[in-house]
>>> print(open('entry-v8.pdb').read())   # PDB, N, CA and C atoms and all ligand atoms
ATOM      1  N   MET S   1     -10.328  45.621 -80.421
ATOM      2  CA  MET S   1     -11.040  46.392 -79.409
ATOM      3  C   MET S   1     -11.127  47.853 -79.832
ATOM      4  N   THR S   2     -12.324  48.379 -79.755
ATOM      5  CA  THR S   2     -12.530  49.796 -79.963
ATOM      6  C   THR S   2     -12.537  50.467 -78.586
ATOM      7  N   ALA S   3     -12.997  51.721 -78.507
ATOM      8  CA  ALA S   3     -12.926  52.439 -77.236
ATOM      9  C   ALA S   3     -13.749  51.783 -76.143
ATOM     10  N   ALA S   4     -14.820  51.119 -76.506
ATOM     11  CA  ALA S   4     -15.705  50.560 -75.484
ATOM     12  C   ALA S   4     -16.346  49.251 -75.897
ATOM     13  N   ALA S   5     -15.741  48.548 -76.833
ATOM     14  CA  ALA S   5     -16.368  47.312 -77.313
ATOM     15  C   ALA S   5     -15.338  46.373 -77.928
ATOM     16  N   PHE S   6     -15.736  45.105 -77.964
ATOM     17  CA  PHE S   6     -15.003  44.124 -78.756
ATOM     18  C   PHE S   6     -15.664  44.062 -80.131
ATOM     19  N   ASN S   7     -14.861  44.065 -81.149
ATOM     20  CA  ASN S   7     -15.398  44.026 -82.504
ATOM     21  C   ASN S   7     -14.685  42.917 -83.283
ATOM     22  N   PRO S   8     -15.411  41.861 -83.704
ATOM     23  CA  PRO S   8     -16.847  41.651 -83.494
ATOM     24  C   PRO S   8     -17.141  41.178 -82.077
ATOM     25  N   THR S   9     -18.383  41.354 -81.669
ATOM     26  CA  THR S   9     -18.784  40.933 -80.326
ATOM     27  C   THR S   9     -18.762  39.413 -80.211
ATOM     28  N   THR S  10     -19.220  38.749 -81.254
ATOM     29  CA  THR S  10     -19.189  37.291 -81.293
ATOM     30  C   THR S  10     -18.352  36.864 -82.485
ATOM     31  N   TYR S  11     -17.474  35.920 -82.222
ATOM     32  CA  TYR S  11     -16.562  35.465 -83.271
ATOM     33  C   TYR S  11     -16.532  33.947 -83.245
ATOM     34  N   SER S  12     -16.733  33.335 -84.408
ATOM     35  CA  SER S  12     -16.809  31.877 -84.484
ATOM     36  C   SER S  12     -15.563  31.315 -85.152
ATOM     37  N   VAL S  13     -14.996  30.296 -84.517
ATOM     38  CA  VAL S  13     -13.792  29.659 -85.045
ATOM     39  C   VAL S  13     -13.938  28.149 -84.906
ATOM     40  N   SER S  14     -13.059  27.426 -85.567
ATOM     41  CA  SER S  14     -13.031  25.974 -85.387
ATOM     42  C   SER S  14     -11.964  25.607 -84.358
ATOM     43  N   VAL S  15     -12.125  24.408 -83.805
ATOM     44  CA  VAL S  15     -11.207  23.929 -82.764
ATOM     45  C   VAL S  15      -9.761  24.028 -83.243
ATOM     46  N   GLY S  16      -8.897  24.467 -82.347
ATOM     47  CA  GLY S  16      -7.479  24.577 -82.665
ATOM     48  C   GLY S  16      -7.068  25.942 -83.185
ATOM     49  N   THR S  17      -8.050  26.829 -83.350
ATOM     50  CA  THR S  17      -7.748  28.167 -83.872
ATOM     51  C   THR S  17      -7.163  29.058 -82.786
ATOM     52  N   THR S  18      -6.167  29.840 -83.163
ATOM     53  CA  THR S  18      -5.631  30.860 -82.273
ATOM     54  C   THR S  18      -6.295  32.188 -82.619
ATOM     55  N   VAL S  19      -6.974  32.754 -81.646
ATOM     56  CA  VAL S  19      -7.629  34.049 -81.829
ATOM     57  C   VAL S  19      -6.699  35.137 -81.286
ATOM     58  N   VAL S  20      -6.556  36.196 -82.068
ATOM     59  CA  VAL S  20      -5.722  37.331 -81.659
ATOM     60  C   VAL S  20      -6.617  38.553 -81.479
ATOM     61  N   TRP S  21      -6.493  39.204 -80.335
ATOM     62  CA  TRP S  21      -7.183  40.462 -80.088
ATOM     63  C   TRP S  21      -6.165  41.587 -80.195
ATOM     64  N   ARG S  22      -6.580  42.696 -80.784
ATOM     65  CA  ARG S  22      -5.689  43.865 -80.863
ATOM     66  C   ARG S  22      -6.440  45.068 -80.331
ATOM     67  N   ASN S  23      -5.761  45.820 -79.495
ATOM     68  CA  ASN S  23      -6.359  47.049 -78.979
ATOM     69  C   ASN S  23      -6.073  48.184 -79.957
ATOM     70  N   THR S  24      -7.113  48.596 -80.664
ATOM     71  CA  THR S  24      -6.973  49.677 -81.637
ATOM     72  C   THR S  24      -7.457  51.005 -81.059
ATOM     73  N   SER S  25      -7.736  51.036 -79.780
ATOM     74  CA  SER S  25      -8.214  52.264 -79.155
ATOM     75  C   SER S  25      -7.132  52.841 -78.253
ATOM     76  N   THR S  26      -7.405  54.016 -77.712
ATOM     77  CA  THR S  26      -6.432  54.667 -76.834
ATOM     78  C   THR S  26      -6.657  54.317 -75.373
ATOM     79  N   ARG S  27      -7.690  53.535 -75.083
ATOM     80  CA  ARG S  27      -7.954  53.127 -73.704
ATOM     81  C   ARG S  27      -7.392  51.727 -73.460
ATOM     82  N   SER S  28      -7.067  51.441 -72.218
ATOM     83  CA  SER S  28      -6.603  50.099 -71.864
ATOM     84  C   SER S  28      -7.795  49.169 -71.692
ATOM     85  N   HIS S  29      -7.618  47.953 -72.165
ATOM     86  CA  HIS S  29      -8.667  46.942 -72.053
ATOM     87  C   HIS S  29      -8.062  45.623 -71.592
ATOM     88  N   THR S  30      -8.884  44.813 -70.941
ATOM     89  CA  THR S  30      -8.474  43.438 -70.657
ATOM     90  C   THR S  30      -9.304  42.494 -71.519
ATOM     91  N   VAL S  31      -8.787  41.312 -71.689
ATOM     92  CA  VAL S  31      -9.548  40.187 -72.230
ATOM     93  C   VAL S  31      -9.514  39.137 -71.129
ATOM     94  N   THR S  32     -10.647  38.935 -70.485
ATOM     95  CA  THR S  32     -10.701  38.062 -69.313
ATOM     96  C   THR S  32     -11.864  37.101 -69.460
ATOM     97  N   ALA S  33     -11.571  35.820 -69.473
ATOM     98  CA  ALA S  33     -12.640  34.818 -69.616
ATOM     99  C   ALA S  33     -13.536  34.850 -68.389
ATOM    100  N   TYR S  34     -14.823  34.626 -68.625
ATOM    101  CA  TYR S  34     -15.747  34.381 -67.506
ATOM    102  C   TYR S  34     -15.549  32.931 -67.089
ATOM    103  N   GLU S  35     -14.835  32.767 -66.008
ATOM    104  CA  GLU S  35     -14.369  31.443 -65.614
ATOM    105  C   GLU S  35     -15.514  30.461 -65.374
ATOM    106  N   ALA S  36     -16.592  30.943 -64.789
ATOM    107  CA  ALA S  36     -17.686  30.041 -64.396
ATOM    108  C   ALA S  36     -18.413  29.448 -65.593
ATOM    109  N   THR S  37     -18.289  30.100 -66.754
ATOM    110  CA  THR S  37     -19.052  29.635 -67.910
ATOM    111  C   THR S  37     -18.167  28.998 -68.975
ATOM    112  N   LEU S  38     -16.925  28.721 -68.645
ATOM    113  CA  LEU S  38     -16.069  28.043 -69.614
ATOM    114  C   LEU S  38     -16.590  26.628 -69.877
ATOM    115  N   PRO S  39     -16.420  26.141 -71.104
ATOM    116  CA  PRO S  39     -16.773  24.744 -71.362
ATOM    117  C   PRO S  39     -15.979  23.814 -70.435
ATOM    118  N   ASP S  40     -16.548  22.660 -70.130
ATOM    119  CA  ASP S  40     -15.864  21.698 -69.254
ATOM    120  C   ASP S  40     -14.477  21.374 -69.800
ATOM    121  N   GLY S  41     -13.492  21.499 -68.941
ATOM    122  CA  GLY S  41     -12.133  21.144 -69.321
ATOM    123  C   GLY S  41     -11.362  22.223 -70.041
ATOM    124  N   ALA S  42     -12.016  23.338 -70.343
ATOM    125  CA  ALA S  42     -11.337  24.398 -71.088
ATOM    126  C   ALA S  42     -10.427  25.210 -70.181
ATOM    127  N   ALA S  43      -9.332  25.673 -70.753
ATOM    128  CA  ALA S  43      -8.371  26.464 -69.995
ATOM    129  C   ALA S  43      -8.872  27.899 -69.823
ATOM    130  N   PHE S  44      -8.652  28.446 -68.632
ATOM    131  CA  PHE S  44      -8.931  29.864 -68.389
ATOM    132  C   PHE S  44      -7.925  30.702 -69.171
ATOM    133  N   PHE S  45      -8.366  31.880 -69.601
ATOM    134  CA  PHE S  45      -7.417  32.790 -70.273
ATOM    135  C   PHE S  45      -7.700  34.221 -69.847
ATOM    136  N   ALA S  46      -6.641  34.990 -69.748
ATOM    137  CA  ALA S  46      -6.775  36.393 -69.356
ATOM    138  C   ALA S  46      -5.502  37.138 -69.714
ATOM    139  N   THR S  47      -5.666  38.371 -70.187
ATOM    140  CA  THR S  47      -4.485  39.206 -70.373
ATOM    141  C   THR S  47      -3.815  39.396 -69.014
ATOM    142  N   GLY S  48      -2.510  39.475 -69.044
ATOM    143  CA  GLY S  48      -1.757  39.537 -67.805
ATOM    144  C   GLY S  48      -1.330  38.165 -67.316
ATOM    145  N   GLY S  49      -1.895  37.125 -67.930
ATOM    146  CA  GLY S  49      -1.486  35.767 -67.601
ATOM    147  C   GLY S  49      -2.015  35.242 -66.284
ATOM    148  N   TYR S  50      -3.046  35.842 -65.753
ATOM    149  CA  TYR S  50      -3.587  35.394 -64.465
ATOM    150  C   TYR S  50      -4.238  34.022 -64.620
ATOM    151  N   GLU S  51      -4.210  33.258 -63.533
ATOM    152  CA  GLU S  51      -4.712  31.893 -63.609
ATOM    153  C   GLU S  51      -6.174  31.780 -63.224
ATOM    154  N   THR S  52      -6.724  32.826 -62.646
ATOM    155  CA  THR S  52      -8.139  32.812 -62.288
ATOM    156  C   THR S  52      -8.749  34.181 -62.601
ATOM    157  N   GLU S  53     -10.075  34.174 -62.758
ATOM    158  CA  GLU S  53     -10.783  35.436 -62.983
ATOM    159  C   GLU S  53     -10.646  36.338 -61.756
ATOM    160  N   ALA S  54     -10.699  35.731 -60.575
ATOM    161  CA  ALA S  54     -10.572  36.526 -59.348
ATOM    162  C   ALA S  54      -9.223  37.229 -59.288
ATOM    163  N   ALA S  55      -8.165  36.531 -59.683
ATOM    164  CA  ALA S  55      -6.832  37.144 -59.666
ATOM    165  C   ALA S  55      -6.750  38.287 -60.670
ATOM    166  N   ALA S  56      -7.351  38.102 -61.833
ATOM    167  CA  ALA S  56      -7.342  39.151 -62.850
ATOM    168  C   ALA S  56      -8.100  40.390 -62.365
ATOM    169  N   ARG S  57      -9.237  40.159 -61.736
ATOM    170  CA  ARG S  57     -10.023  41.302 -61.232
ATOM    171  C   ARG S  57      -9.275  42.027 -60.120
ATOM    172  N   GLU S  58      -8.660  41.259 -59.224
ATOM    173  CA  GLU S  58      -7.906  41.852 -58.128
ATOM    174  C   GLU S  58      -6.746  42.694 -58.660
ATOM    175  N   ALA S  59      -6.056  42.179 -59.671
ATOM    176  CA  ALA S  59      -4.904  42.898 -60.227
ATOM    177  C   ALA S  59      -5.338  44.211 -60.868
ATOM    178  N   TRP S  60      -6.467  44.165 -61.566
ATOM    179  CA  TRP S  60      -6.938  45.404 -62.192
ATOM    180  C   TRP S  60      -7.367  46.406 -61.118
ATOM    181  N   GLU S  61      -8.129  45.913 -60.141
ATOM    182  CA  GLU S  61      -8.660  46.825 -59.133
ATOM    183  C   GLU S  61      -7.569  47.409 -58.262
ATOM    184  N   SER S  62      -6.523  46.651 -57.988
ATOM    185  CA  SER S  62      -5.482  47.145 -57.079
ATOM    186  C   SER S  62      -4.439  47.979 -57.791
ATOM    187  N   GLU S  63      -4.109  47.637 -59.037
ATOM    188  CA  GLU S  63      -3.014  48.372 -59.695
ATOM    189  C   GLU S  63      -3.197  48.547 -61.196
ATOM    190  N   ASN S  64      -4.445  48.434 -61.679
ATOM    191  CA  ASN S  64      -4.709  48.574 -63.109
ATOM    192  C   ASN S  64      -3.797  47.690 -63.949
ATOM    193  N   ALA S  65      -3.542  46.485 -63.453
ATOM    194  CA  ALA S  65      -2.641  45.564 -64.141
ATOM    195  C   ALA S  65      -3.424  44.586 -65.005
ATOM    196  N   GLY S  66      -2.752  44.141 -66.051
ATOM    197  CA  GLY S  66      -3.335  43.095 -66.886
ATOM    198  C   GLY S  66      -4.003  43.599 -68.147
ATOM    199  N   GLY S  67      -3.966  44.895 -68.379
ATOM    200  CA  GLY S  67      -4.610  45.437 -69.570
ATOM    201  C   GLY S  67      -3.672  45.498 -70.760
ATOM    202  N   LEU S  68      -4.280  45.658 -71.923
ATOM    203  CA  LEU S  68      -3.532  45.921 -73.146
ATOM    204  C   LEU S  68      -3.655  47.399 -73.460
ATOM    205  N   ILE S  69      -2.544  48.023 -73.805
ATOM    206  CA  ILE S  69      -2.612  49.413 -74.240
ATOM    207  C   ILE S  69      -2.744  49.456 -75.760
ATOM    208  N   ASN S  70      -2.857  50.654 -76.289
ATOM    209  CA  ASN S  70      -3.023  50.837 -77.732
ATOM    210  C   ASN S  70      -1.952  50.066 -78.501
ATOM    211  N   GLY S  71      -2.410  49.289 -79.468
ATOM    212  CA  GLY S  71      -1.494  48.572 -80.337
ATOM    213  C   GLY S  71      -1.070  47.208 -79.837
ATOM    214  N   GLU S  72      -1.313  46.922 -78.579
ATOM    215  CA  GLU S  72      -0.908  45.618 -78.050
ATOM    216  C   GLU S  72      -1.904  44.535 -78.441
ATOM    217  N   THR S  73      -1.397  43.308 -78.467
ATOM    218  CA  THR S  73      -2.239  42.173 -78.796
ATOM    219  C   THR S  73      -2.131  41.098 -77.720
ATOM    220  N   CYS S  74      -3.109  40.216 -77.713
ATOM    221  CA  CYS S  74      -3.028  39.001 -76.920
ATOM    222  C   CYS S  74      -3.629  37.906 -77.770
ATOM    223  N   GLU S  75      -3.369  36.673 -77.412
ATOM    224  CA  GLU S  75      -3.916  35.579 -78.191
ATOM    225  C   GLU S  75      -4.209  34.385 -77.301
ATOM    226  N   HIS S  76      -5.118  33.564 -77.793
ATOM    227  CA  HIS S  76      -5.454  32.328 -77.078
ATOM    228  C   HIS S  76      -5.870  31.295 -78.112
ATOM    229  N   THR S  77      -5.427  30.074 -77.888
ATOM    230  CA  THR S  77      -5.780  28.968 -78.770
ATOM    231  C   THR S  77      -6.895  28.151 -78.116
ATOM    232  N   PHE S  78      -7.958  27.935 -78.869
ATOM    233  CA  PHE S  78      -9.158  27.284 -78.345
ATOM    234  C   PHE S  78      -9.174  25.819 -78.763
ATOM    235  N   GLU S  79      -9.045  24.942 -77.779
ATOM    236  CA  GLU S  79      -8.884  23.507 -78.042
ATOM    237  C   GLU S  79     -10.135  22.687 -77.771
ATOM    238  N   ILE S  80     -11.121  23.292 -77.133
ATOM    239  CA  ILE S  80     -12.327  22.548 -76.755
ATOM    240  C   ILE S  80     -13.541  23.291 -77.304
ATOM    241  N   PRO S  81     -14.478  22.573 -77.978
ATOM    242  CA  PRO S  81     -15.652  23.243 -78.534
ATOM    243  C   PRO S  81     -16.535  23.837 -77.433
ATOM    244  N   GLY S  82     -17.246  24.875 -77.801
ATOM    245  CA  GLY S  82     -18.181  25.477 -76.862
ATOM    246  C   GLY S  82     -18.170  26.990 -76.982
ATOM    247  N   GLU S  83     -18.884  27.632 -76.057
ATOM    248  CA  GLU S  83     -18.971  29.090 -76.041
ATOM    249  C   GLU S  83     -18.105  29.642 -74.926
ATOM    250  N   TYR S  84     -17.372  30.675 -75.244
ATOM    251  CA  TYR S  84     -16.432  31.287 -74.307
ATOM    252  C   TYR S  84     -16.760  32.775 -74.135
ATOM    253  N   PRO S  85     -17.658  33.103 -73.228
ATOM    254  CA  PRO S  85     -17.902  34.512 -72.951
ATOM    255  C   PRO S  85     -16.711  35.107 -72.196
ATOM    256  N   TYR S  86     -16.391  36.347 -72.518
ATOM    257  CA  TYR S  86     -15.270  37.017 -71.856
ATOM    258  C   TYR S  86     -15.597  38.494 -71.704
ATOM    259  N   VAL S  87     -14.766  39.175 -70.935
ATOM    260  CA  VAL S  87     -15.090  40.541 -70.556
ATOM    261  C   VAL S  87     -13.836  41.403 -70.516
ATOM    262  N   CYS S  88     -14.033  42.690 -70.696
ATOM    263  CA  CYS S  88     -13.008  43.686 -70.369
ATOM    264  C   CYS S  88     -13.344  44.198 -68.967
ATOM    265  N   ILE S  89     -12.504  43.896 -68.011
ATOM    266  CA  ILE S  89     -12.845  44.212 -66.619
ATOM    267  C   ILE S  89     -13.165  45.701 -66.403
ATOM    268  N   PRO S  90     -12.317  46.639 -66.861
ATOM    269  CA  PRO S  90     -12.635  48.043 -66.551
ATOM    270  C   PRO S  90     -13.900  48.564 -67.221
ATOM    271  N   HIS S  91     -14.336  47.912 -68.285
ATOM    272  CA  HIS S  91     -15.505  48.405 -69.007
ATOM    273  C   HIS S  91     -16.673  47.423 -68.977
ATOM    274  N   GLU S  92     -16.656  46.568 -67.975
ATOM    275  CA  GLU S  92     -17.736  45.581 -67.862
ATOM    276  C   GLU S  92     -19.089  46.259 -67.672
ATOM    277  N   THR S  93     -19.104  47.302 -66.846
ATOM    278  CA  THR S  93     -20.385  47.969 -66.587
ATOM    279  C   THR S  93     -20.890  48.681 -67.837
ATOM    280  N   GLY S  94     -20.002  48.969 -68.773
ATOM    281  CA  GLY S  94     -20.415  49.580 -70.038
ATOM    282  C   GLY S  94     -20.778  48.552 -71.080
ATOM    283  N   GLY S  95     -20.759  47.288 -70.682
ATOM    284  CA  GLY S  95     -21.180  46.240 -71.608
ATOM    285  C   GLY S  95     -20.095  45.753 -72.535
ATOM    286  N   MET S  96     -18.835  45.960 -72.160
ATOM    287  CA  MET S  96     -17.750  45.506 -73.029
ATOM    288  C   MET S  96     -17.480  44.016 -72.773
ATOM    289  N   VAL S  97     -18.265  43.213 -73.463
ATOM    290  CA  VAL S  97     -18.157  41.760 -73.357
ATOM    291  C   VAL S  97     -18.146  41.171 -74.770
ATOM    292  N   GLY S  98     -17.677  39.952 -74.855
ATOM    293  CA  GLY S  98     -17.652  39.277 -76.142
ATOM    294  C   GLY S  98     -17.764  37.784 -75.937
ATOM    295  N   THR S  99     -17.918  37.082 -77.039
ATOM    296  CA  THR S  99     -18.011  35.619 -76.995
ATOM    297  C   THR S  99     -17.240  35.034 -78.167
ATOM    298  N   ILE S 100     -16.456  34.014 -77.856
ATOM    299  CA  ILE S 100     -15.851  33.203 -78.897
ATOM    300  C   ILE S 100     -16.631  31.901 -78.971
ATOM    301  N   GLU S 101     -17.103  31.572 -80.158
ATOM    302  CA  GLU S 101     -17.803  30.302 -80.376
ATOM    303  C   GLU S 101     -16.851  29.356 -81.090
ATOM    304  N   VAL S 102     -16.623  28.217 -80.459
ATOM    305  CA  VAL S 102     -15.664  27.256 -81.004
ATOM    306  C   VAL S 102     -16.428  26.002 -81.423
ATOM    307  N   THR S 103     -16.290  25.655 -82.688
ATOM    308  CA  THR S 103     -16.992  24.485 -83.213
ATOM    309  C   THR S 103     -15.981  23.442 -83.681
ATOM    310  N   GLU S 104     -16.448  22.190 -83.755
ATOM    311  CA  GLU S 104     -15.580  21.078 -84.179
ATOM    312  C   GLU S 104     -15.068  21.327 -85.585
TER
HETATM  313 CU    CU J 201     -12.325  47.880 -72.118
END
>>> encode(input="entry-v8.pdb", output="structure tokens")
Amino acid sequence: MTAAAFNPTTYSVSVGTTVVWRNTSTRSHTVTAYEATLPDGAAFFATGGYETEAAAREAWESENAGGLINGETCEHTFEIPGEYPYVCIPHETGGMVGTIEVTE
């Protein structure tokens, strides 16, 4: 993560890959899956360990919780093929979104 973007914006991996995000900027960012567009059967993922997108948004809005600070990482293992759009909640309006493409 840079100051206002995921780099790369789209990242392609094969099934079973663990993707690691690192915050290389001085701003806090979240990695929050867009729950409604997850592939069928795929697990939701979000920094902070929230079980739903609504919970992740509520936590950020109420107490700025769930973000990664400079140097922190998070990871998720992708077990089901498909496209996984995700967002940084505090910078969503600035277009800080990304997609993981998972292929067989
Ligand atoms: Cu951000």
>>> closest_atom_pairs(input="entry-v8.pdb", of="chain S", to="ligand CU 201 (chain J)", cutoff="8 Å", atoms="all atoms listed in the file", output="CSV")
residue,atom,partner,partner_atom,distance
S:Met1,CA,J:CU201,CU,7.6
S:Thr2,C,J:CU201,CU,7.0
S:Ala3,C,J:CU201,CU,5.8
S:Ala4,CA,J:CU201,CU,5.5
S:Ala5,N,J:CU201,CU,5.9
S:Phe6,N,J:CU201,CU,7.3
S:Arg27,C,J:CU201,CU,6.4
S:Ser28,C,J:CU201,CU,4.7
S:His29,CA,J:CU201,CU,3.8
S:Thr30,N,J:CU201,CU,4.8
S:Val31,N,J:CU201,CU,7.5
S:Val87,C,J:CU201,CU,6.8
S:Cys88,CA,J:CU201,CU,4.6
S:Ile89,N,J:CU201,CU,5.7
S:Pro90,C,J:CU201,CU,5.2
S:His91,N,J:CU201,CU,4.3
S:Glu92,N,J:CU201,CU,6.1
S:Met96,CA,J:CU201,CU,6.0
S:Val97,N,J:CU201,CU,7.7
>>> resolve_selection(input="entry-v8.pdb", expression="the PyMOL selection byres (((chain S and resi 66) around 7) and not hetatm)", output="VMD selection string")
chain S and resid 29 to 31 46 to 49 56 59 to 60 63 to 65 67 to 68
>>> select_by_dssp(input="entry-v8.pdb", residues="chain S", states="strand (DSSP E or B)", output="JSON, numbers by chain")
{"S": [10, 11, 12, 13, 14, 18, 19, 20, 21, 22, 29, 32, 33, 46, 68, 73, 74, 75, 76, 77, 82, 83, 84, 85, 86, 87, 97, 98, 99, 100, 101, 102, 103]}
>>> write_last_selection(input="entry-v8.pdb", atoms="N, CA and C atoms", output="compact mmCIF listing (two decimals), in the coordinates of the input")
# COMPACT_ATOMS: atom_id res chain seq x y z
N THR S 10 -19.22 38.75 -81.25
CA THR S 10 -19.19 37.29 -81.29
C THR S 10 -18.35 36.86 -82.48
N TYR S 11 -17.47 35.92 -82.22
CA TYR S 11 -16.56 35.47 -83.27
C TYR S 11 -16.53 33.95 -83.24
N SER S 12 -16.73 33.34 -84.41
CA SER S 12 -16.81 31.88 -84.48
C SER S 12 -15.56 31.32 -85.15
N VAL S 13 -15.00 30.30 -84.52
CA VAL S 13 -13.79 29.66 -85.04
C VAL S 13 -13.94 28.15 -84.91
N SER S 14 -13.06 27.43 -85.57
CA SER S 14 -13.03 25.97 -85.39
C SER S 14 -11.96 25.61 -84.36
N THR S 18 -6.17 29.84 -83.16
CA THR S 18 -5.63 30.86 -82.27
C THR S 18 -6.30 32.19 -82.62
N VAL S 19 -6.97 32.75 -81.65
CA VAL S 19 -7.63 34.05 -81.83
C VAL S 19 -6.70 35.14 -81.29
N VAL S 20 -6.56 36.20 -82.07
CA VAL S 20 -5.72 37.33 -81.66
C VAL S 20 -6.62 38.55 -81.48
N TRP S 21 -6.49 39.20 -80.33
CA TRP S 21 -7.18 40.46 -80.09
C TRP S 21 -6.16 41.59 -80.19
N ARG S 22 -6.58 42.70 -80.78
CA ARG S 22 -5.69 43.86 -80.86
C ARG S 22 -6.44 45.07 -80.33
N HIS S 29 -7.62 47.95 -72.17
CA HIS S 29 -8.67 46.94 -72.05
C HIS S 29 -8.06 45.62 -71.59
N THR S 32 -10.65 38.94 -70.48
CA THR S 32 -10.70 38.06 -69.31
C THR S 32 -11.86 37.10 -69.46
N ALA S 33 -11.57 35.82 -69.47
CA ALA S 33 -12.64 34.82 -69.62
C ALA S 33 -13.54 34.85 -68.39
N ALA S 46 -6.64 34.99 -69.75
CA ALA S 46 -6.78 36.39 -69.36
C ALA S 46 -5.50 37.14 -69.71
N LEU S 68 -4.28 45.66 -71.92
CA LEU S 68 -3.53 45.92 -73.15
C LEU S 68 -3.66 47.40 -73.46
N THR S 73 -1.40 43.31 -78.47
CA THR S 73 -2.24 42.17 -78.80
C THR S 73 -2.13 41.10 -77.72
N CYS S 74 -3.11 40.22 -77.71
CA CYS S 74 -3.03 39.00 -76.92
C CYS S 74 -3.63 37.91 -77.77
N GLU S 75 -3.37 36.67 -77.41
CA GLU S 75 -3.92 35.58 -78.19
C GLU S 75 -4.21 34.38 -77.30
N HIS S 76 -5.12 33.56 -77.79
CA HIS S 76 -5.45 32.33 -77.08
C HIS S 76 -5.87 31.30 -78.11
N THR S 77 -5.43 30.07 -77.89
CA THR S 77 -5.78 28.97 -78.77
C THR S 77 -6.90 28.15 -78.12
N GLY S 82 -17.25 24.88 -77.80
CA GLY S 82 -18.18 25.48 -76.86
C GLY S 82 -18.17 26.99 -76.98
N GLU S 83 -18.88 27.63 -76.06
CA GLU S 83 -18.97 29.09 -76.04
C GLU S 83 -18.10 29.64 -74.93
N TYR S 84 -17.37 30.68 -75.24
CA TYR S 84 -16.43 31.29 -74.31
C TYR S 84 -16.76 32.78 -74.14
N PRO S 85 -17.66 33.10 -73.23
CA PRO S 85 -17.90 34.51 -72.95
C PRO S 85 -16.71 35.11 -72.20
N TYR S 86 -16.39 36.35 -72.52
CA TYR S 86 -15.27 37.02 -71.86
C TYR S 86 -15.60 38.49 -71.70
N VAL S 87 -14.77 39.17 -70.94
CA VAL S 87 -15.09 40.54 -70.56
C VAL S 87 -13.84 41.40 -70.52
N VAL S 97 -18.26 43.21 -73.46
CA VAL S 97 -18.16 41.76 -73.36
C VAL S 97 -18.15 41.17 -74.77
N GLY S 98 -17.68 39.95 -74.86
CA GLY S 98 -17.65 39.28 -76.14
C GLY S 98 -17.76 37.78 -75.94
N THR S 99 -17.92 37.08 -77.04
CA THR S 99 -18.01 35.62 -77.00
C THR S 99 -17.24 35.03 -78.17
N ILE S 100 -16.46 34.01 -77.86
CA ILE S 100 -15.85 33.20 -78.90
C ILE S 100 -16.63 31.90 -78.97
N GLU S 101 -17.10 31.57 -80.16
CA GLU S 101 -17.80 30.30 -80.38
C GLU S 101 -16.85 29.36 -81.09
N VAL S 102 -16.62 28.22 -80.46
CA VAL S 102 -15.66 27.26 -81.00
C VAL S 102 -16.43 26.00 -81.42
N THR S 103 -16.29 25.66 -82.69
CA THR S 103 -16.99 24.48 -83.21
C THR S 103 -15.98 23.44 -83.68
>>> closest_residue(input="entry-v8.pdb", among="S:Ser12, S:Ser25, S:Ser62, S:Thr32", to="Thr103 (chain S)", atoms="all atoms listed in the file")
S:Ser12
>>> closest_residue(input="entry-v8.pdb", among="S:Arg57, S:Gly71, S:Pro39, S:Thr52", to="Glu83 (chain S)", atoms="all atoms listed in the file")
S:Pro39
>>> residues_around(input="entry-v8.pdb", residues="Thr17 (chain S)", least_positions_apart="5", cutoff="6 Å", atoms="only N, CA and C atoms", output="VMD selection string")
chain S and resid 76 to 79
>>> resolve_selection(input="entry-v8.pdb", expression="the PyMOL selection byres (((chain S and resi 22 and name CA) around 7) and not hetatm and name CA)", output="list in words")
Met1, Val20, Trp21, Asn23, Thr24, Gly71, Glu72, Thr73 and Cys74 of chain S
>>> select_by_dssp(input="entry-v8.pdb", residues="chain S", states="helix (DSSP H, G or I)", output="VMD selection string")
chain S and resid 35 to 37 53 to 63 89 to 91
>>> axis_aligned_box(input="entry-v8.pdb", around="region 24-38 of chain S", padding_each_side="8 Å", output="JSON")
{"center_x": -12.7, "center_y": 40.6, "center_z": -73.0, "size_x": 28.6, "size_y": 44.0, "size_z": 33.2}
>>> closest_residue(input="entry-v8.pdb", among="S:Glu101, S:Ala54, S:Thr37, S:Thr26", to="Pro81 (chain S)", atoms="only C-alpha atoms")
S:Glu101
>>> resolve_selection(input="entry-v8.pdb", expression="the PyMOL selection byres (((chain S and resi 10) around 6) and not hetatm)", output="short mmCIF file (atom, residue, chain, number, x, y, z; two decimals) with N, CA and C atoms, keeping the file's coordinate frame")
data_model
loop_
_atom_site.label_atom_id
_atom_site.label_comp_id
_atom_site.auth_asym_id
_atom_site.auth_seq_id
_atom_site.Cartn_x
_atom_site.Cartn_y
_atom_site.Cartn_z
N PRO S 8 -15.41 41.86 -83.70
CA PRO S 8 -16.85 41.65 -83.49
C PRO S 8 -17.14 41.18 -82.08
N THR S 9 -18.38 41.35 -81.67
CA THR S 9 -18.78 40.93 -80.33
C THR S 9 -18.76 39.41 -80.21
N TYR S 11 -17.47 35.92 -82.22
CA TYR S 11 -16.56 35.47 -83.27
C TYR S 11 -16.53 33.95 -83.24
N SER S 12 -16.73 33.34 -84.41
CA SER S 12 -16.81 31.88 -84.48
C SER S 12 -15.56 31.32 -85.15
N GLY S 98 -17.68 39.95 -74.86
CA GLY S 98 -17.65 39.28 -76.14
C GLY S 98 -17.76 37.78 -75.94
N THR S 99 -17.92 37.08 -77.04
CA THR S 99 -18.01 35.62 -77.00
C THR S 99 -17.24 35.03 -78.17
N ILE S 100 -16.46 34.01 -77.86
CA ILE S 100 -15.85 33.20 -78.90
C ILE S 100 -16.63 31.90 -78.97
N GLU S 101 -17.10 31.57 -80.16
CA GLU S 101 -17.80 30.30 -80.38
C GLU S 101 -16.85 29.36 -81.09
#
>>> atom_distance(input="entry-v8.pdb", atom1="CA of Glu61 (chain S)", atom2="CA of Gly82 (chain S)")
29.3 Å
